[in-house]
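Since the structure comes first, as structure tokens, the remarks are kept for the end.
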Amino acid sequence: MDEEYDAIVLGTGLKECIISGLLSVAGMKVLHMDRNSYYGGESASLSLDQLWSKFRAGEEPPKSLGRGNDYNVDLVPKFIMADGKLIKVLIHTDVVKYLEFKACDGSYVYKQGKIHKVPASDMEALKSPLMSFFEKRRARNFFIYVQDYEEKDPRTHKGRDLNRMSMRQLFAEFSLGDDTMDFIGHAIALYKDDSYLDQAALSTVRKIKLYNDSLYRFAGTKTPYIYPLYGLGELPQSFARLSAVYGGTYMLNKPDCEVVYNDRGEACGVKSEGEVAKCKFVVGDPSYFPGKSKVVGKVARAICIMDHPIPGTVDAHSVQIVIPQKQVGRRSDIYVFCSSYAHNIAAKGKYIAFVSTTVETSVPSQELEPGLALLGPIEHKFIHVADYECPLADGKEDKCFISRGYDAFTHFESTVDDILEMYTRITGKDLDLDNLSLNQTIEG
């Protein structure tokens, strides 16, 4: 281990593995270490035995659940937008060849005690029970405007400057009601609260177009989401494989990793088992850098094992349900995510459902109840609360480039934003995903 590297990456969470892969592809010599004996960190997918060991230490999983290795239970459940930033990173790095994907079956939104399919086009809006007859017409006009809008073609702007107009003003121009604004903002644009309403409308229009583009990215899909077979733990492992192909070195089960600093307070290496590996900078999750990050919030998640699909989803094997904040008197949304044996993440006949939200009270488990109430009978439930941490500095002075925690969102767009921002801080270069070719195919 007594060697010199360009970068040492600590932790094998998805963010760290993508950064490791990108740096390796860029020609850097990378050492990647983790205190755990498995890949994934916070974003790992656990077998049944690992799940019980983490949450019910000392107990054995019931035999009725089937073989433990048939399970790949995500700790941070998220779907992938089919035309989103993570897909572009997968294609840019060619990691896509290591993975297989399956489309998500259903996308729903909660309103007044019931769940409804999310309308994602002008024609679906006309059929949706979410809106009255006249509201459907207004929503259809709004969706047509957004679908036709092209940033570089002023003719499609219809005299509107979306950089100056707020989203609240744009909604008002189409006379949309509060409930319609609610499902568009939270179930299509995927905001977790209403702060977007008073921000420039362009960002929201981009998000709605992303939802629509993702919906039609692959033939025959019913939602804009896809999900890897065998769980999200396949993602960090695949990026780890990429790093190894480009010369990266991996060391797992290193519980005593300690960052070493020089006289100027700059990270210059990592010490483990009495040896020091030298480097120009260190990348990692907050747990490896005591005192260099702050807790800015908490995320509550429930993991539920069931023997049935979520009621009201037409027996969908995989589904997302968004519960907008206003529907349950909260400041932030609640997210429900479900997958099943069809994605090779559970034994035959079993479903894994997750409920997540940003913590707002001193009783996080109660905050998950509106989502849990939608699931029907639950065989086994595990609730955990994680800190959401942010670095105190950008890393340019102390050479410690620290990732943020994982938010409550059930998609990866904000996760990739953090990765791209870290890559720019580290290298001084932007990774321009918008100009990457998407003329490649993904299996599944």
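Each chain of the structure tokens is named A, B, ... in the order shown, its residues numbered from 1; ligands are numbered from 1 in display order.
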Report task. Do a neighbour search on segment 422-424 of chain A at 12 Å with only C-alpha atoms, toss out local chain neighbours closer than 3 positions, and write the hits as an MDAnalysis selection string. Result -> chainID A and resid 15:16 18:24 26 282:285 391 393:396 399:404 415:419 427:432
Go through segment 151-206 of chain A residue by residue and, counting only C-alpha atoms, keep those with an atom at most 12 Å from segment 73-96 of chain A; for each kept residue give the shortest atom pair and its distance in Å to one decimal, ordered by chain and increasing number, as a tab-separated table.
```
residue	atom	partner	partner_atom	distance
A:Ile188	CA	A:Met81	CA	11.3
A:Ala189	CA	A:Met81	CA	11.6
A:Leu190	CA	A:Met81	CA	11.1
A:Arg206	CA	A:Gly84	CA	11.2
```
Given the selection you just returned, output its residues as a file containing C-alpha atoms, formatted as a PDB file, in the first residue's frame.
```
ATOM      1  CA  ILE A 188     -43.829  15.270 -12.758  1.00  0.00           C
ATOM      2  CA  ALA A 189     -41.233  17.974 -12.048  1.00  0.00           C
ATOM      3  CA  LEU A 190     -40.449  16.019  -8.844  1.00  0.00           C
ATOM      4  CA  ARG A 206     -36.910  21.535 -18.201  1.00  0.00           C
TER       5      ARG A 206
END
```
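Distance annotation: of A:Met28, A:Thr12, A:Arg331, A:Asp307, the residue with the minimal separation from Gly248 of chain A is A:Met28; atom set is only C-alpha atoms.
Note that DSSP on the backbone gives alpha helix (DSSP H) to these residues of segment 116-166 of chain A: Asp122, Met123, Glu124, Ala125, Leu126, Lys127, Phe133, Phe134, Glu135, Lys136, Arg137, Arg138, Ala139, Arg140, Asn141, Phe142, Phe143, Ile144, Tyr145, Val146, Gln147 and Asp148 of chain A.
One finds atom CA of Ala300 of chain A at 10.3 Å from atom CA of Phe354 of chain A.
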Report task. For atom CA of Ile8 of chain A and atom CA of Asp398 of chain A, quote the distance in Å rounded to one decimal. Result -> 14.0 Å
Report task. Just the residues within 7 Å of Val118 of chain A, please, counting only C-alpha atoms, with nothing from its chain fewer than 6 positions along; format it as a list of chain:residue names. Result -> A:Ser107, A:Tyr108, A:Val109, A:Ala187
Write a file of the selected residues as a CSV table (one decimal), in the first residue's frame, keeping C-alpha atoms.
```csv
chain,number,residue,atom,x,y,z
A,107,SER,CA,-46.2,6.3,-11.7
A,108,TYR,CA,-48.8,7.6,-9.3
A,109,VAL,CA,-49.7,10.6,-7.2
A,187,ALA,CA,-45.2,14.1,-9.4
```
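Distance-wise, atom CA of Gly66 of chain A and atom CA of Gly349 of chain A end up 9.9 Å apart.
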Near segment 369-375 of chain A, 10 Å: segment 94-207 of chain A residue rows, closest pairs, only C-alpha atoms, as a tab-separated table:
```
residue	atom	partner	partner_atom	distance
A:Tyr110	CA	A:Gly371	CA	9.5
A:Gly113	CA	A:Pro370	CA	9.2
A:Lys114	CA	A:Leu374	CA	8.8
A:Ile115	CA	A:Leu374	CA	8.7
```
Could you write out that same residue set with C-alpha atoms as a compact mmCIF listing (two decimals), in the first residue's frame?
```txt
# COMPACT_ATOMS: atom_id res chain seq x y z
CA TYR A 110 -51.78 10.78 -4.02
CA GLY A 113 -56.91 9.68 0.14
CA LYS A 114 -56.56 7.93 -3.24
CA ILE A 115 -53.75 7.30 -5.71
```
